[in-house]
$ cat upload_36.csv   # CSV, C-alpha atoms and all ligand atoms
chain,number,residue,atom,x,y,z
P,41,MET,CA,88.1,62.3,118.9
P,42,PHE,CA,86.9,65.4,117.1
P,43,THR,CA,83.9,64.0,115.2
P,44,GLU,CA,81.3,65.8,117.1
P,45,GLU,CA,83.0,69.1,117.1
P,46,LEU,CA,83.7,68.8,113.3
P,47,SER,CA,80.0,68.0,112.6
P,48,ARG,CA,78.9,71.0,114.7
P,49,LEU,CA,81.2,73.2,112.6
P,50,THR,CA,79.8,71.7,109.4
P,51,LYS,CA,76.2,72.3,110.5
P,52,ALA,CA,76.9,75.9,111.4
P,53,GLY,CA,78.6,76.5,108.0
P,54,LEU,CA,81.9,77.1,109.8
P,55,ARG,CA,83.9,74.1,108.7
P,56,ARG,CA,86.9,75.4,106.7
P,57,SER,CA,88.8,73.7,103.9
P,58,LEU,CA,91.5,74.6,101.5
P,59,ARG,CA,91.1,75.4,97.8
P,60,LEU,CA,94.1,74.5,95.6
P,61,VAL,CA,95.6,77.2,93.3
P,62,GLU,CA,97.7,75.7,90.5
P,63,GLY,CA,100.3,77.9,89.0
P,64,PRO,CA,101.3,81.4,90.3
P,65,GLN,CA,99.1,84.2,91.7
P,66,GLY,CA,97.6,86.3,89.0
P,67,PRO,CA,94.4,87.9,87.7
P,68,ARG,CA,93.3,84.4,86.5
P,69,ALA,CA,94.3,81.1,88.1
P,70,THR,CA,93.3,77.5,88.1
P,71,ILE,CA,91.4,76.8,91.3
P,72,ASP,CA,90.4,73.3,92.2
P,73,GLY,CA,91.0,72.3,88.6
P,74,LYS,CA,88.9,75.1,87.2
P,75,GLU,CA,90.1,78.2,85.4
P,76,ALA,CA,88.7,81.3,87.2
P,77,ILE,CA,89.2,85.1,87.6
P,78,LEU,CA,90.9,85.4,90.9
P,79,LEU,CA,89.3,88.1,93.0
P,80,CYS,CA,90.5,87.4,96.5
P,81,SER,CA,94.3,87.6,96.4
P,82,ASN,CA,96.1,90.4,98.3
P,83,ASP,CA,98.7,90.6,95.5
P,84,TYR,CA,97.3,94.0,94.7
P,85,LEU,CA,100.0,95.2,92.3
P,86,GLY,CA,100.6,91.9,90.6
P,87,LEU,CA,104.2,91.7,92.0
P,88,ALA,CA,104.1,88.1,93.4
P,89,ASN,CA,104.8,86.8,89.9
P,90,HIS,CA,106.7,89.8,88.4
P,91,PRO,CA,109.7,88.8,86.3
P,92,LEU,CA,112.1,91.2,88.0
P,93,VAL,CA,111.0,90.2,91.5
P,94,LYS,CA,111.4,86.5,90.6
P,95,GLN,CA,114.8,87.2,89.2
P,96,ALA,CA,116.0,89.1,92.3
P,97,ALA,CA,115.0,86.1,94.4
P,98,ILE,CA,116.8,83.6,92.1
P,99,GLU,CA,120.0,85.7,92.1
P,100,ALA,CA,119.8,85.9,95.9
P,101,ILE,CA,119.6,82.1,96.1
P,102,ASP,CA,122.7,81.9,94.0
P,103,ALA,CA,124.5,84.5,96.1
P,104,TRP,CA,123.4,83.6,99.6
P,105,GLY,CA,121.8,80.1,99.5
P,106,VAL,CA,118.3,79.2,100.7
P,107,GLY,CA,118.0,79.2,104.5
P,108,ALA,CA,119.2,81.8,107.0
P,109,GLY,CA,120.3,79.1,109.4
P,110,ALA,CA,119.6,80.8,112.6
P,111,SER,CA,117.7,83.7,114.3
P,112,ARG,CA,118.8,87.2,113.5
P,113,LEU,CA,120.5,87.6,116.9
P,114,ILE,CA,122.5,84.4,116.7
P,115,SER,CA,124.1,84.1,113.2
P,116,GLY,CA,121.1,84.6,110.8
P,117,ASN,CA,121.5,88.3,110.3
P,118,MET,CA,122.6,88.4,106.6
P,119,THR,CA,123.4,91.1,104.1
P,120,ALA,CA,119.9,90.7,102.6
P,121,HIS,CA,118.2,91.5,105.9
P,122,ALA,CA,120.3,94.6,106.5
P,123,ARG,CA,119.6,95.8,103.0
P,124,LEU,CA,115.9,95.2,103.3
P,125,GLU,CA,115.7,97.1,106.6
P,126,GLU,CA,117.5,100.0,104.9
P,127,SER,CA,115.0,99.9,102.0
P,128,ILE,CA,112.1,99.9,104.3
P,129,ARG,CA,113.5,102.7,106.5
P,130,ARG,CA,113.9,104.9,103.3
P,131,PHE,CA,110.6,103.9,101.9
P,132,LYS,CA,108.7,104.8,105.1
P,133,GLY,CA,110.9,107.8,105.9
P,134,THR,CA,111.3,106.7,109.5
P,135,GLU,CA,114.4,106.6,111.7
P,136,ALA,CA,114.5,102.8,111.8
P,137,ALA,CA,112.8,99.6,110.7
P,138,LEU,CA,112.9,96.0,111.8
P,139,ILE,CA,111.6,93.0,109.8
P,140,PHE,CA,109.5,90.2,111.2
P,141,ASN,CA,108.7,86.9,109.6
P,142,SER,CA,105.0,87.8,109.0
P,143,GLY,CA,102.5,90.4,109.9
P,144,TYR,CA,101.1,88.2,112.6
P,145,HIS,CA,104.6,88.0,114.1
P,146,ALA,CA,105.0,91.8,113.8
P,147,ASN,CA,101.8,92.7,115.6
P,148,VAL,CA,102.4,90.1,118.4
P,149,GLY,CA,106.1,91.0,118.5
P,150,CYS,CA,105.5,94.8,118.8
P,151,ILE,CA,102.5,94.9,121.2
P,152,THR,CA,103.9,92.3,123.6
P,153,ALA,CA,107.3,94.0,123.7
P,154,ILE,CA,105.9,97.4,124.6
P,155,CYS,CA,102.8,96.6,126.7
P,156,SER,CA,102.6,94.6,129.9
P,157,ARG,CA,100.3,94.3,133.0
P,158,ASP,CA,100.6,98.0,133.8
P,159,SER,CA,99.5,99.0,130.2
P,160,GLU,CA,96.1,99.5,128.5
P,161,VAL,CA,95.5,98.8,124.8
P,162,PHE,CA,92.6,100.4,122.9
P,163,SER,CA,91.7,98.4,119.8
P,164,ASP,CA,89.1,99.0,117.1
P,165,ARG,CA,86.5,96.3,117.3
P,166,LEU,CA,87.2,95.3,113.7
P,167,ASN,CA,90.9,95.0,114.0
P,168,HIS,CA,92.7,92.0,112.5
P,169,ALA,CA,93.0,88.9,114.7
P,170,SER,CA,96.7,89.2,115.1
P,171,ILE,CA,96.2,92.5,117.0
P,172,VAL,CA,93.6,90.9,119.2
P,173,ASP,CA,95.9,87.9,120.0
P,174,ALA,CA,98.8,90.3,120.6
P,175,CYS,CA,96.7,92.3,123.1
P,176,LEU,CA,95.6,89.2,125.0
P,177,LEU,CA,99.1,87.8,125.1
P,178,SER,CA,100.6,91.1,126.4
P,179,ARG,CA,98.5,90.9,129.6
P,180,ALA,CA,97.6,94.6,129.2
P,181,ALA,CA,94.1,95.7,130.0
P,182,PHE,CA,92.3,95.3,126.7
P,183,ARG,CA,89.6,97.7,125.6
P,184,ARG,CA,87.8,97.5,122.3
P,185,TYR,CA,86.1,100.6,120.9
P,186,PRO,CA,83.3,100.6,118.3
P,187,HIS,CA,84.5,100.6,114.7
P,188,ARG,CA,86.1,104.0,113.8
P,189,ASP,CA,84.4,105.7,116.8
P,190,VAL,CA,86.9,108.3,117.9
P,191,ASP,CA,84.5,109.7,120.6
P,192,SER,CA,84.2,106.4,122.3
P,193,LEU,CA,88.0,105.9,122.1
P,194,GLU,CA,88.5,109.3,123.7
P,195,ARG,CA,86.1,108.4,126.6
P,196,LEU,CA,88.1,105.3,127.2
P,197,LEU,CA,91.4,107.1,127.1
P,198,LYS,CA,90.1,109.8,129.5
P,199,LYS,CA,89.2,107.1,132.1
P,200,SER,CA,92.5,105.3,131.8
P,201,ARG,CA,95.0,105.4,134.7
P,202,ALA,CA,97.5,103.0,132.9
P,203,LYS,CA,101.2,103.8,132.9
P,204,ARG,CA,101.4,103.1,129.2
P,205,LYS,CA,98.5,103.5,126.7
P,206,LEU,CA,98.5,102.1,123.2
P,207,VAL,CA,95.8,102.6,120.5
P,208,ALA,CA,96.0,100.0,117.8
P,209,THR,CA,94.1,100.1,114.5
P,210,ASP,CA,94.2,98.6,111.0
P,211,GLY,CA,95.0,101.4,108.5
P,212,ILE,CA,92.7,99.8,105.8
P,213,PHE,CA,90.4,97.4,107.6
P,214,SER,CA,91.1,93.9,106.2
P,215,MET,CA,87.5,92.7,105.9
P,216,ASP,CA,85.7,96.0,105.3
P,217,GLY,CA,88.0,98.0,103.1
P,218,ASP,CA,87.4,101.3,104.9
P,219,ILE,CA,90.1,103.5,106.3
P,220,ALA,CA,90.8,104.3,110.0
P,221,PRO,CA,90.3,107.9,111.2
P,222,ILE,CA,94.0,108.3,111.8
P,223,ARG,CA,94.1,112.1,111.8
P,224,GLU,CA,91.4,112.3,114.5
P,225,ILE,CA,93.1,109.5,116.6
P,226,ALA,CA,96.5,111.2,116.2
P,227,GLY,CA,94.9,114.4,117.6
P,228,LEU,CA,94.3,112.5,120.9
P,229,LEU,CA,97.8,111.2,121.5
P,230,ASP,CA,99.4,114.1,123.2
P,231,ARG,CA,96.4,114.9,125.3
P,232,TYR,CA,96.3,111.4,126.8
P,233,ASP,CA,99.9,110.6,126.5
P,234,ALA,CA,99.2,107.6,124.3
P,235,MET,CA,101.0,105.8,121.4
P,236,LEU,CA,99.3,104.6,118.2
P,237,LEU,CA,100.1,101.5,116.2
P,238,ILE,CA,98.9,101.5,112.6
P,239,ASP,CA,98.6,98.1,110.9
P,240,ASP,CA,99.3,98.9,107.2
P,241,ALA,CA,99.1,95.3,106.0
P,242,HIS,CA,96.7,96.3,103.2
P,243,SER,CA,97.9,99.9,102.8
P,244,THR,CA,101.6,99.4,102.1
P,245,GLY,CA,102.3,99.9,98.4
P,246,VAL,CA,98.6,100.9,98.0
P,247,LEU,CA,97.8,104.2,99.8
P,248,GLY,CA,99.5,107.5,99.4
P,249,ASP,CA,101.1,109.1,96.3
P,250,ARG,CA,104.2,107.0,96.7
P,251,GLY,CA,102.5,103.9,98.2
P,252,ARG,CA,103.9,104.6,101.7
P,253,GLY,CA,100.7,103.8,103.5
P,254,THR,CA,97.9,105.4,105.5
P,255,LEU,CA,100.0,108.2,107.0
P,256,GLU,CA,101.1,109.4,103.6
P,257,HIS,CA,97.5,109.1,102.2
P,258,LEU,CA,96.1,111.2,105.1
P,259,GLY,CA,99.1,113.6,105.4
P,260,VAL,CA,99.5,112.8,109.1
P,261,SER,CA,102.7,112.4,111.1
P,262,HIS,CA,103.3,112.2,114.8
P,263,PRO,CA,106.3,111.0,116.9
P,264,SER,CA,104.2,108.6,118.9
P,265,ILE,CA,103.0,106.6,115.8
P,266,ILE,CA,104.4,103.2,115.2
P,267,GLN,CA,103.8,101.7,111.7
P,268,MET,CA,103.5,98.1,110.9
P,269,GLY,CA,103.4,96.9,107.3
P,270,THR,CA,103.5,93.6,105.5
P,271,LEU,CA,105.6,92.3,102.5
P,272,GLY,CA,103.3,89.5,101.5
P,273,LYS,CA,100.4,91.5,100.1
P,274,ALA,CA,101.0,94.4,97.7
P,275,VAL,CA,104.8,93.9,98.0
P,276,GLY,CA,104.2,90.4,96.6
P,277,ALA,CA,106.8,88.5,98.7
P,278,PHE,CA,106.6,87.5,102.4
P,279,GLY,CA,107.3,89.0,105.8
P,280,ALA,CA,106.5,92.2,107.6
P,281,PHE,CA,108.1,95.2,109.4
P,282,ILE,CA,107.7,97.7,112.2
P,283,ALA,CA,108.9,101.2,111.3
P,284,GLY,CA,109.5,103.9,113.9
P,285,SER,CA,112.2,105.5,116.1
P,286,VAL,CA,115.6,104.0,116.8
P,287,GLU,CA,114.6,103.6,120.4
P,288,LEU,CA,111.5,101.6,119.6
P,289,ILE,CA,113.5,99.3,117.2
P,290,ASP,CA,116.1,98.8,119.9
P,291,ILE,CA,113.5,97.8,122.4
P,292,LEU,CA,112.0,95.3,119.9
P,293,LYS,CA,115.5,93.8,119.3
P,294,SER,CA,115.9,93.2,123.0
P,295,LYS,CA,112.4,92.3,124.0
P,296,SER,CA,110.3,91.1,121.1
P,297,ARG,CA,110.0,87.3,121.5
P,298,PRO,CA,108.6,86.7,118.0
P,299,PHE,CA,111.7,88.5,116.7
P,300,ILE,CA,114.2,86.8,119.0
P,301,TYR,CA,113.0,83.2,119.0
P,302,THR,CA,112.6,82.4,115.3
P,303,THR,CA,114.8,81.7,112.4
P,304,ALA,CA,115.5,84.8,110.1
P,305,LEU,CA,113.6,85.1,106.8
P,306,PRO,CA,115.3,83.4,103.8
P,307,PRO,CA,117.6,85.9,102.1
P,308,SER,CA,115.9,85.4,98.7
P,309,ILE,CA,112.6,86.5,100.2
P,310,CYS,CA,114.3,89.7,101.4
P,311,ALA,CA,115.8,90.3,98.0
P,312,ALA,CA,112.4,89.9,96.4
P,313,SER,CA,110.9,92.5,98.7
P,314,ILE,CA,113.8,95.0,98.0
P,315,LYS,CA,113.1,94.7,94.3
P,316,ALA,CA,109.4,95.0,94.7
P,317,LEU,CA,109.7,98.1,96.9
P,318,GLU,CA,111.9,99.6,94.1
P,319,ILE,CA,109.2,98.8,91.5
P,320,ILE,CA,106.5,100.4,93.8
P,321,GLU,CA,108.6,103.6,94.0
P,322,GLN,CA,109.4,103.7,90.3
P,323,GLU,CA,106.0,102.7,88.8
P,324,PRO,CA,103.2,104.8,90.2
P,325,GLY,CA,101.2,103.6,87.2
P,326,LEU,CA,100.6,100.3,88.9
P,327,ARG,CA,98.9,102.1,91.8
P,328,MET,CA,96.8,104.2,89.5
P,329,ARG,CA,95.6,101.1,87.6
P,330,LEU,CA,94.6,99.6,91.0
P,331,TRP,CA,92.6,102.7,91.9
P,332,GLU,CA,90.9,102.8,88.5
P,333,ASN,CA,90.0,99.1,88.7
P,334,THR,CA,88.8,99.6,92.3
P,335,ALA,CA,86.5,102.5,91.3
P,336,PHE,CA,85.1,100.6,88.3
P,337,PHE,CA,84.3,97.5,90.3
P,338,ARG,CA,82.8,99.2,93.3
P,339,GLU,CA,80.6,101.3,91.0
P,340,GLY,CA,79.5,98.1,89.2
P,341,LEU,CA,78.5,96.5,92.5
P,342,LEU,CA,76.6,99.6,93.8
P,343,LYS,CA,74.8,99.9,90.5
P,344,ALA,CA,73.6,96.3,91.0
P,345,SER,CA,72.2,97.5,94.4
P,346,LEU,CA,74.7,95.4,96.4
P,347,ASP,CA,75.9,96.6,99.8
P,348,THR,CA,79.7,97.1,99.9
P,349,LEU,CA,79.7,98.1,103.6
P,350,GLY,CA,81.3,101.5,103.1
P,351,SER,CA,84.4,100.2,101.4
P,352,GLN,CA,86.8,103.0,100.3
P,353,THR,CA,89.6,100.8,98.9
P,354,GLN,CA,90.6,97.8,96.8
P,355,ILE,CA,89.0,95.6,99.5
P,356,ILE,CA,85.3,95.5,98.6
P,357,PRO,CA,83.0,93.3,100.7
P,358,ILE,CA,79.6,92.3,99.4
P,359,ALA,CA,77.2,91.9,102.4
P,360,VAL,CA,75.5,88.5,102.6
P,361,GLY,CA,74.6,87.8,106.3
P,362,GLN,CA,74.5,84.0,107.0
P,363,ALA,CA,77.7,82.0,106.8
P,364,GLN,CA,76.2,79.1,104.8
P,365,ARG,CA,74.8,81.5,102.2
P,366,ALA,CA,78.1,83.3,101.8
P,367,MET,CA,79.9,80.0,101.2
P,368,GLU,CA,77.1,78.8,98.8
P,369,LEU,CA,77.4,82.0,96.8
P,370,SER,CA,81.2,81.7,96.6
P,371,SER,CA,80.8,78.1,95.3
P,372,ARG,CA,78.2,79.2,92.7
P,373,LEU,CA,80.6,82.0,91.5
P,374,LEU,CA,83.4,79.5,91.2
P,375,GLU,CA,81.2,77.3,88.9
P,376,LYS,CA,80.8,80.4,86.8
P,377,GLY,CA,84.6,81.0,86.7
P,378,VAL,CA,85.0,83.7,89.4
P,379,PHE,CA,86.8,83.0,92.6
P,380,ILE,CA,85.8,85.2,95.5
P,381,GLN,CA,86.2,83.7,99.0
P,382,GLY,CA,83.3,83.8,101.5
P,383,ILE,CA,84.3,85.3,104.9
P,384,ARG,CA,82.4,84.2,108.0
P,385,PRO,CA,82.8,84.2,111.8
P,386,PRO,CA,85.1,84.3,113.7
P,387,THR,CA,86.9,86.4,111.0
P,388,VAL,CA,83.9,88.7,110.9
P,389,PRO,CA,81.1,89.2,113.5
P,390,GLU,CA,78.1,86.8,113.6
P,391,GLY,CA,75.5,87.6,111.0
P,392,THR,CA,77.8,89.7,108.8
P,393,SER,CA,79.3,87.0,106.6
P,394,ARG,CA,80.2,88.3,103.2
P,395,LEU,CA,82.0,87.8,100.0
P,396,ARG,CA,85.3,89.7,100.1
P,397,VAL,CA,86.5,91.0,96.8
P,398,SER,CA,90.0,92.2,96.3
P,399,VAL,CA,90.7,94.0,93.1
P,400,THR,CA,94.2,94.2,91.7
P,401,ALA,CA,96.2,96.3,89.2
P,402,ALA,CA,96.6,93.2,87.1
P,403,HIS,CA,92.9,92.7,86.3
P,404,SER,CA,91.8,93.7,82.8
P,405,ARG,CA,88.5,95.6,82.3
P,406,GLU,CA,87.2,92.4,80.6
P,407,ASP,CA,88.0,90.3,83.8
P,408,LEU,CA,86.2,92.8,85.9
P,409,THR,CA,83.2,93.1,83.6
P,410,SER,CA,82.7,89.3,83.4
P,411,ALA,CA,83.0,89.0,87.2
P,412,LEU,CA,80.4,91.7,87.7
P,413,SER,CA,77.9,89.9,85.5
P,414,ALA,CA,78.5,86.6,87.2
P,415,ILE,CA,78.0,88.3,90.6
P,416,ARG,CA,74.7,89.9,89.4
P,417,GLU,CA,73.5,86.5,88.3
P,418,VAL,CA,74.2,84.7,91.6
P,419,PHE,CA,72.7,87.5,93.7
P,420,GLN,CA,69.5,87.6,91.8
I,1,LIG,C1,97.2,89.9,106.6
I,1,LIG,C2,97.1,90.8,107.8
I,1,LIG,C3,98.1,90.6,108.8
I,1,LIG,C4,99.0,89.5,108.9
I,1,LIG,O1,100.1,89.6,107.9
I,1,LIG,P1,100.8,88.3,107.4
I,1,LIG,O2,102.1,88.8,106.9
I,1,LIG,O3,99.9,87.7,106.4
I,1,LIG,O4,101.0,87.4,108.6
I,1,LIG,C5,98.0,91.5,109.9
I,1,LIG,N1,97.1,92.5,109.9
I,1,LIG,C6,96.2,92.7,108.9
I,1,LIG,C7,95.3,93.8,109.0
I,1,LIG,C8,96.2,91.8,107.9
I,1,LIG,O5,95.3,91.9,106.9
$ encode --input "upload_36.csv" --output "structure tokens"
Amino acid sequence: MFTEELSRLTKAGLRRSLRLVEGPQGPRATIDGKEAILLCSNDYLGLANHPLVKQAAIEAIDAWGVGAGASRLISGNMTAHARLEESIRRFKGTEAALIFNSGYHANVGCITAICSRDSEVFSDRLNHASIVDACLLSRAAFRRYPHRDVDSLERLLKKSRAKRKLVATDGIFSMDGDIAPIREIAGLLDRYDAMLLIDDAHSTGVLGDRGRGTLEHLGVSHPSIIQMGTLGKAVGAFGAFIAGSVELIDILKSKSRPFIYTTALPPSICAASIKALEIIEQEPGLRMRLWENTAFFREGLLKASLDTLGSQTQIIPIAVGQAQRAMELSSRLLEKGVFIQGIRPPTVPEGTSRLRVSVTAAHSREDLTSALSAIREVFQ
């Protein structure tokens, strides 16, 4: 039934398949039976397999069982959910927070709840797919502006006659590792009566002195900013949140379909996130190690004359171009004991396939040095 379509995908280098990771996430892992340095996990602080985080999850299973049994609004709203929302609210310093079952749910759940036919959404061209899907599903007019181009964004805002205007941007761009010009965008909000949604999937726990995200990093605050963050990346667990005003959170509770029509997260996962957020607050050294490793690795790539596409963070792409070549380089690296996933369309635009490195705090200097020499060899 799908033979032709599948072979077309194969020919274009776009057929996807799963690699198997045996054992936990960590700086090294067994991938498809081969021991390798793992350089494409979003477990940026090494918390996914942290003993205290695991223990918190195990104790929560003993206390509260495994499943939440129902959606939050029926009977699935348990102590662990309330405590996690309180932790997030304090961590982010916002009036309120609401957890979602994943970052995908959070973006779709927020944008579709606050935007409709009479709205207009302005989205950076390189935003994550979940923002794009959310905009399409909301039925709002959907405008994409060139990557990080605030002048183009302003021209679009100026033309808009929509009743509600929402600008949406990744904080750290997930495939490029650069940071959105939030200060400049925030400067437009009052003038054009717009709101801003920042997707801090990759910035939560990573950016800012206390790991609170892009706003802390840039020293920006504005009442019309809505922050989304995920708990499955640097926080090491699973799930996501929207943080903002009490009124926003109340609207989401009443109108957000991905919040209303889904079973609540398992309480043990919430307990793991609570513990991980505590560690993030108490151990700034983890974040410092992440930044040192990031600087070391990026410099190593630049010295080898590789193009890192302007990355400013722990996400460091290496430009390749063609999809097949990116996948071939990824396989050759795995043979050499380094796992870096190739990224190709539709995740990134045509002709911009790349290897996407993510460095973590858990990597040793030795891991990073061997990975750099393997990369230099395959790119020769
Ligand atoms: C990973 C990611 C998401 C989705 O978060 P999940 O919790 O994995 O569903 C959303 N936005 C961005 C920018 C991401 O990188």
$ residues_near_ligand --input "upload_36.csv" --ligand "ligand LIG 1 (chain I)" --cutoff "9 Å" --atoms "only C-alpha atoms and all ligand atoms" --output "PyMOL selection string"
chain P and resi 82+140-147+167-171+209-215+239-242+268-273+278-280
$ residues_around --input "upload_36.csv" --residues "range 350-358 of chain P" --least-positions-apart "4" --cutoff "9 Å" --atoms "all atoms listed in the file" --output "number ranges by chain"
P: 80, 82, 84, 212-219, 242, 246-247, 330-331, 333-335, 337-338, 341, 346, 393-400
$ residues_around --input "upload_36.csv" --residues "Val61 in chain P" --least-positions-apart "3" --cutoff "12 Å" --atoms "all atoms listed in the file" --output "PyMOL selection string"
chain P and resi 58+64-66+68-78+80-81+379
$ closest_residue --input "upload_36.csv" --among "P:Ala414, P:Leu305, P:Leu373, P:Leu197" --to "Gly116 in chain P" --atoms "all atoms listed in the file"
P:Leu305
$ atom_distance --input "upload_36.csv" --atom1 "CA of Asp164 in chain P" --atom2 "CA of Val190 in chain P"
9.6 Å
$ atom_distance --input "upload_36.csv" --atom1 "CA of Leu113 in chain P" --atom2 "CA of Val148 in chain P"
18.3 Å
$ residues_around --input "upload_36.csv" --residues "Val286 in chain P" --least-positions-apart "3" --cutoff "9 Å" --atoms "only C-alpha atoms" --output "PyMOL selection string"
chain P and resi 134-137+289-291
$ atom_distance --input "upload_36.csv" --atom1 "CA of Val207 in chain P" --atom2 "CA of Met235 in chain P"
6.2 Å
$ closest_residue --input "upload_36.csv" --among "P:Ser285, P:Gln362, P:Thr119, P:Ser371" --to "Ile266 in chain P" --atoms "all atoms listed in the file"
P:Ser285
$ closest_residue --input "upload_36.csv" --among "P:Met41, P:Leu60, P:Val93, P:Ala181" --to "Ile319 in chain P" --atoms "all atoms listed in the file"
P:Val93
$ residues_around --input "upload_36.csv" --residues "Ala202 in chain P" --least-positions-apart "2" --cutoff "9 Å" --atoms "only C-alpha atoms" --output "VMD selection string"
chain P and resid 158 to 160 181 200 204 to 205
$ write_last_selection --input "upload_36.csv" --atoms "C-alpha atoms" --output "PDB file, keeping the file's coordinate frame"
ATOM      1  CA  ASP P 158     100.600  98.000 133.800  1.00  0.00           C
ATOM      2  CA  SER P 159      99.500  99.000 130.200  1.00  0.00           C
ATOM      3  CA  GLU P 160      96.100  99.500 128.500  1.00  0.00           C
ATOM      4  CA  ALA P 181      94.100  95.700 130.000  1.00  0.00           C
ATOM      5  CA  SER P 200      92.500 105.300 131.800  1.00  0.00           C
ATOM      6  CA  ARG P 204     101.400 103.100 129.200  1.00  0.00           C
ATOM      7  CA  LYS P 205      98.500 103.500 126.700  1.00  0.00           C
TER       8      LYS P 205
END
$ closest_residue --input "upload_36.csv" --among "P:Arg416, P:Val378, P:Arg365, P:Gly251" --to "Ala52 in chain P" --atoms "only C-alpha atoms"
P:Arg365
$ closest_residue --input "upload_36.csv" --among "P:Val275, P:Ala110, P:Ala226, P:Ile282" --to "Ile300 in chain P" --atoms "only C-alpha atoms"
P:Ala110
$ closest_residue --input "upload_36.csv" --among "P:Ser370, P:Ser404, P:Phe419, P:Arg201" --to "Arg59 in chain P" --atoms "all atoms listed in the file"
P:Ser370
$ residues_around --input "upload_36.csv" --residues "Gly248 in chain P" --least-positions-apart "4" --cutoff "10 Å" --atoms "all atoms listed in the file" --output "PyMOL selection string"
chain P and resi 243-244+252-259+327
$ write_last_selection --input "upload_36.csv" --atoms "C-alpha atoms" --output "short mmCIF file (atom, residue, chain, number, x, y, z; two decimals), in the coordinates of the input"
data_model
loop_
_atom_site.label_atom_id
_atom_site.label_comp_id
_atom_site.auth_asym_id
_atom_site.auth_seq_id
_atom_site.Cartn_x
_atom_site.Cartn_y
_atom_site.Cartn_z
CA SER P 243 97.90 99.90 102.80
CA THR P 244 101.60 99.40 102.10
CA ARG P 252 103.90 104.60 101.70
CA GLY P 253 100.70 103.80 103.50
CA THR P 254 97.90 105.40 105.50
CA LEU P 255 100.00 108.20 107.00
CA GLU P 256 101.10 109.40 103.60
CA HIS P 257 97.50 109.10 102.20
CA LEU P 258 96.10 111.20 105.10
CA GLY P 259 99.10 113.60 105.40
CA ARG P 327 98.90 102.10 91.80
#
$ decode --input "upload_36.csv" --residues "range 172-186 of chain P" --atoms "N, CA and C atoms" --output "compact mmCIF listing (two decimals), in the first residue's frame"
# COMPACT_ATOMS: atom_id res chain seq x y z
N VAL P 172 4.27 25.59 14.69
CA VAL P 172 3.66 25.66 13.37
C VAL P 172 2.32 24.92 13.37
N ASP P 173 2.30 23.70 13.90
CA ASP P 173 1.06 22.92 13.94
C ASP P 173 0.00 23.65 14.77
N ALA P 174 0.43 24.23 15.88
CA ALA P 174 -0.49 24.96 16.75
C ALA P 174 -1.14 26.12 16.00
N CYS P 175 -0.33 26.86 15.26
CA CYS P 175 -0.85 28.02 14.52
C CYS P 175 -1.87 27.57 13.48
N LEU P 176 -1.54 26.51 12.75
CA LEU P 176 -2.46 26.03 11.73
C LEU P 176 -3.77 25.57 12.36
N LEU P 177 -3.68 24.87 13.46
CA LEU P 177 -4.87 24.32 14.12
C LEU P 177 -5.74 25.43 14.73
N SER P 178 -5.12 26.55 15.08
CA SER P 178 -5.87 27.63 15.74
C SER P 178 -6.79 28.36 14.77
N ARG P 179 -6.56 28.20 13.47
CA ARG P 179 -7.30 28.89 12.40
C ARG P 179 -7.01 30.40 12.35
N ALA P 180 -6.05 30.85 13.11
CA ALA P 180 -5.65 32.26 13.03
C ALA P 180 -4.91 32.49 11.72
N ALA P 181 -4.86 33.74 11.25
CA ALA P 181 -4.01 34.05 10.10
C ALA P 181 -2.57 33.79 10.55
N PHE P 182 -1.80 33.13 9.67
CA PHE P 182 -0.48 32.63 10.07
C PHE P 182 0.58 33.33 9.23
N ARG P 183 1.40 34.15 9.87
CA ARG P 183 2.48 34.85 9.15
C ARG P 183 3.81 34.36 9.68
N ARG P 184 4.69 34.03 8.74
CA ARG P 184 6.04 33.63 9.16
C ARG P 184 7.01 34.74 8.79
N TYR P 185 7.86 35.13 9.72
CA TYR P 185 8.85 36.16 9.43
C TYR P 185 10.23 35.53 9.34
N PRO P 186 11.14 36.14 8.54
CA PRO P 186 12.48 35.58 8.38
C PRO P 186 13.16 35.44 9.74
